[in-house]
Amino acid sequence: MGWRDLLQATEEIVRLPWVGGRTVRTWQRSFKLAGPLPAEHGWYAFRVPTARVVRVERPVPPFPASLRWAAAGYLVGDRLVPDDVRVETDPRRLLACSERVHLLEPGLGRFTRVSAGRAYEGGPLVFQSEEMPLGPEEGVLQAFFDEKDSVDDVAGVAPALDVAFRFETWRRAEAERRRREERERQEREAAQRALEARMAQLREQLGTGVGRRELAAVDFAEAARSALAVGGAEYLDSRDSYNRGEKVVQFRLDRRRYECTCDARTLRIIDSGICLQDHETGEKGDARFTLESFPGVIREAIAEDKLVVWRHVD
């Protein structure tokens with residue numbers, strides 16, 4: 001019998017949790033993970049072909065004996081609030097009061113008391129077992145369902161359970177806030193889409209006076225541009241007048257700039273900015289015109305050499 005006959009014939013198998021990476025560790029040893037990585041985080045049997053290399057053999061049930069106990073406390077989602085925590089009232093610091101627990105058993109409820117361990121020094125927390133409740137958990141759960149702000153009326157609440165309640169309450173409020181913001185965003189987008197569809201429909205009707213006036217209610221600038229174009233003028237700008245329901249409009253006609261005030265709904269001229277008074281009767285004629293007909297009035301006044309401009313905007 002030679003020395004080779006004394007070597008162990010079967011390869012070593014270790015059962016450890018894997019939560020990512022190419023390094024697998026125990027409290028005494030460290031291995032490099034060779035070959036394909038596991039499909040997901042979990043417990044695996046690793047084959048040890050050499051002293052510092054392992055390969056994935058197969059998934060295995062949890063093996064808590066591979067862990068050293070690290071902490072006990074209450075779960076909030078996948079985070080453990082340990083028993084030795086101090087009560088923290090600032091929600092922004094709640095994450096600092098807890099640590100993520102990996103490979104949790106499915107189906108654990110709110111305010112469940114658990115213990116967790118580590119597979120190696122400084123390693124991540126891994127779920128170890130569910131612990132017996134201490135008594136006030138049911139009262140705290142009821143306070144959460146009743147949407148209470150605190151658990152001051154529940155006797156015997158430990159600091160860890162108090163922090164877990166605050167964390168869950170804050171998380172629910174944040175989820176509701178995001179849900180409300182998303183609903184409001186969707187409503188705004190729906191309203192904007194409806195407005196855009198309505199404006200597109202009205203723009204198709206810009207060739208009619210009725211269509212332009214309907215459009216003026218939602219897009220005055222576009223309606224004014226179309227109305228002035230009927231008379232051969234170029235729309236430049238518009239703004240709210242000092243008088244409610246009126247718009248001040250600037251436009252260019254035959255290389256000269258003019259300004260007038262019109263009704264924002266009917267597009268009728270209120271203040272033409274030029275002299276439109278009948279010198280024989282003394283009657284002002286501004287209200288007889290609209291943005292469509294106003295450019296023609298100006299051209300007629302120029303042709304008759306009767307144009308008097310009160311608003312100088314050149």
# chains A, B, ... in the order shown; residues from 1 in each chain; ligands from 1
$ select_by_dssp --residues "stretch 122-215 of chain A" --states "strand (DSSP E)" --output "number ranges by chain"
A: 125-130
$ residues_around --residues "stretch 254-260 of chain A" --least-positions-apart "5" --cutoff "12 Å" --atoms "only C-alpha atoms" --output "VMD selection string"
chain A and resid 224 228 231 to 241 246 to 249 267 to 275 286 to 287 289 to 291 294 to 296 298 to 299 302 307 to 314
$ residues_around --residues "stretch 150-167 of chain A" --least-positions-apart "2" --cutoff "8 Å" --atoms "only C-alpha atoms" --output "list in words"
Gly73, Tyr74, Leu75, Val76, Val81, Pro82, Asp83, Asp84, Val85, Arg86, Val87, Glu88, Thr89, Pro91, Leu94, Phe111, Gly135, Pro136, Glu137, Gly139, Val140, Ala143, Phe144, Lys148, Thr169, Trp170 and Arg171 of chain A
$ closest_atom_pairs --of "stretch 113-171 of chain A" --to "stretch 34-46 of chain A" --cutoff "12 Å" --atoms "only C-alpha atoms" --output "JSON lines"
{"residue": "A:Ala119", "atom": "CA", "partner": "A:Trp43", "partner_atom": "CA", "distance": 11.3}
{"residue": "A:Val126", "atom": "CA", "partner": "A:Gly42", "partner_atom": "CA", "distance": 10.0}
{"residue": "A:Phe127", "atom": "CA", "partner": "A:Gly42", "partner_atom": "CA", "distance": 10.9}
{"residue": "A:Gln128", "atom": "CA", "partner": "A:Trp43", "partner_atom": "CA", "distance": 12.0}
$ residues_around --residues "A:Glu12" --least-positions-apart "6" --cutoff "12 Å" --atoms "only C-alpha atoms" --output "ChimeraX atom specification"
/A:45-55,57
$ atom_distance --atom1 "atom CA of A:Leu16" --atom2 "atom CA of A:Val101"
15.3 Å
$ residues_around --residues "A:His102" --least-positions-apart "2" --cutoff "10 Å" --atoms "only C-alpha atoms" --output "VMD selection string"
chain A and resid 17 to 19 41 to 42 78 to 79 99 to 100 104 to 105 116 to 117 124 to 128
$ write_last_selection --atoms "N, CA and C atoms" --output "PDB file, in the first residue's frame"
ATOM      1  N   PRO A  17     -24.668  29.238   3.155  1.00  0.00           N
ATOM      2  CA  PRO A  17     -25.526  30.189   2.428  1.00  0.00           C
ATOM      3  C   PRO A  17     -24.691  30.929   1.389  1.00  0.00           C
ATOM      4  N   TRP A  18     -25.322  31.217   0.241  1.00  0.00           N
ATOM      5  CA  TRP A  18     -24.648  32.000  -0.806  1.00  0.00           C
ATOM      6  C   TRP A  18     -25.537  33.180  -1.161  1.00  0.00           C
ATOM      7  N   VAL A  19     -24.977  34.404  -1.036  1.00  0.00           N
ATOM      8  CA  VAL A  19     -25.733  35.627  -1.347  1.00  0.00           C
ATOM      9  C   VAL A  19     -24.971  36.493  -2.339  1.00  0.00           C
ATOM     10  N   HIS A  41     -29.825  33.408  -4.918  1.00  0.00           N
ATOM     11  CA  HIS A  41     -29.329  33.306  -3.551  1.00  0.00           C
ATOM     12  C   HIS A  41     -30.029  32.154  -2.839  1.00  0.00           C
ATOM     13  N   GLY A  42     -29.300  31.464  -1.975  1.00  0.00           N
ATOM     14  CA  GLY A  42     -29.890  30.363  -1.223  1.00  0.00           C
ATOM     15  C   GLY A  42     -28.837  29.539  -0.519  1.00  0.00           C
ATOM     16  N   ASP A  78     -37.361  42.976   5.086  1.00  0.00           N
ATOM     17  CA  ASP A  78     -36.235  42.055   5.187  1.00  0.00           C
ATOM     18  C   ASP A  78     -35.132  42.612   6.090  1.00  0.00           C
ATOM     19  N   ARG A  79     -35.495  43.510   7.004  1.00  0.00           N
ATOM     20  CA  ARG A  79     -34.511  44.112   7.893  1.00  0.00           C
ATOM     21  C   ARG A  79     -34.808  43.738   9.337  1.00  0.00           C
ATOM     22  N   GLU A  99     -30.605  46.040  10.123  1.00  0.00           N
ATOM     23  CA  GLU A  99     -29.676  45.407   9.193  1.00  0.00           C
ATOM     24  C   GLU A  99     -30.445  44.394   8.350  1.00  0.00           C
ATOM     25  N   ARG A 100     -30.067  44.298   7.101  1.00  0.00           N
ATOM     26  CA  ARG A 100     -30.750  43.371   6.201  1.00  0.00           C
ATOM     27  C   ARG A 100     -30.489  41.930   6.617  1.00  0.00           C
ATOM     28  N   LEU A 104     -34.613  34.843   4.070  1.00  0.00           N
ATOM     29  CA  LEU A 104     -35.719  34.746   5.018  1.00  0.00           C
ATOM     30  C   LEU A 104     -36.660  33.614   4.634  1.00  0.00           C
ATOM     31  N   GLU A 105     -37.224  33.011   5.644  1.00  0.00           N
ATOM     32  CA  GLU A 105     -38.235  31.982   5.418  1.00  0.00           C
ATOM     33  C   GLU A 105     -39.499  32.635   4.880  1.00  0.00           C
ATOM     34  N   ALA A 116     -30.952  35.697  13.797  1.00  0.00           N
ATOM     35  CA  ALA A 116     -30.135  35.608  12.587  1.00  0.00           C
ATOM     36  C   ALA A 116     -28.693  35.367  12.979  1.00  0.00           C
ATOM     37  N   GLY A 117     -27.947  34.744  12.078  1.00  0.00           N
ATOM     38  CA  GLY A 117     -26.544  34.462  12.332  1.00  0.00           C
ATOM     39  C   GLY A 117     -25.677  34.836  11.160  1.00  0.00           C
ATOM     40  N   PRO A 124     -22.747  38.788   6.069  1.00  0.00           N
ATOM     41  CA  PRO A 124     -24.118  39.287   6.140  1.00  0.00           C
ATOM     42  C   PRO A 124     -24.967  38.452   7.098  1.00  0.00           C
ATOM     43  N   LEU A 125     -26.014  39.095   7.637  1.00  0.00           N
ATOM     44  CA  LEU A 125     -26.948  38.361   8.481  1.00  0.00           C
ATOM     45  C   LEU A 125     -27.744  37.386   7.628  1.00  0.00           C
ATOM     46  N   VAL A 126     -27.928  36.177   8.135  1.00  0.00           N
ATOM     47  CA  VAL A 126     -28.711  35.136   7.459  1.00  0.00           C
ATOM     48  C   VAL A 126     -29.757  34.629   8.436  1.00  0.00           C
ATOM     49  N   PHE A 127     -30.979  34.490   7.960  1.00  0.00           N
ATOM     50  CA  PHE A 127     -32.078  34.025   8.808  1.00  0.00           C
ATOM     51  C   PHE A 127     -31.717  32.678   9.443  1.00  0.00           C
ATOM     52  N   GLN A 128     -31.974  32.619  10.764  1.00  0.00           N
ATOM     53  CA  GLN A 128     -31.659  31.406  11.497  1.00  0.00           C
ATOM     54  C   GLN A 128     -32.923  30.684  11.951  1.00  0.00           C
TER      55      GLN A 128
END
$ closest_residue --among "A:Glu300, A:Glu181, A:Ala264, A:Gly245" --to "A:Asp219" --atoms "only C-alpha atoms"
A:Ala264
$ select_by_dssp --residues "stretch 30-252 of chain A" --states "alpha helix (DSSP H)" --output "count of residues only"
74
$ atom_distance --atom1 "atom CA of A:Gly123" --atom2 "atom CA of A:Gly109"
25.3 Å
$ atom_distance --atom1 "atom CA of A:Arg288" --atom2 "atom CA of A:Glu222"
22.3 Å
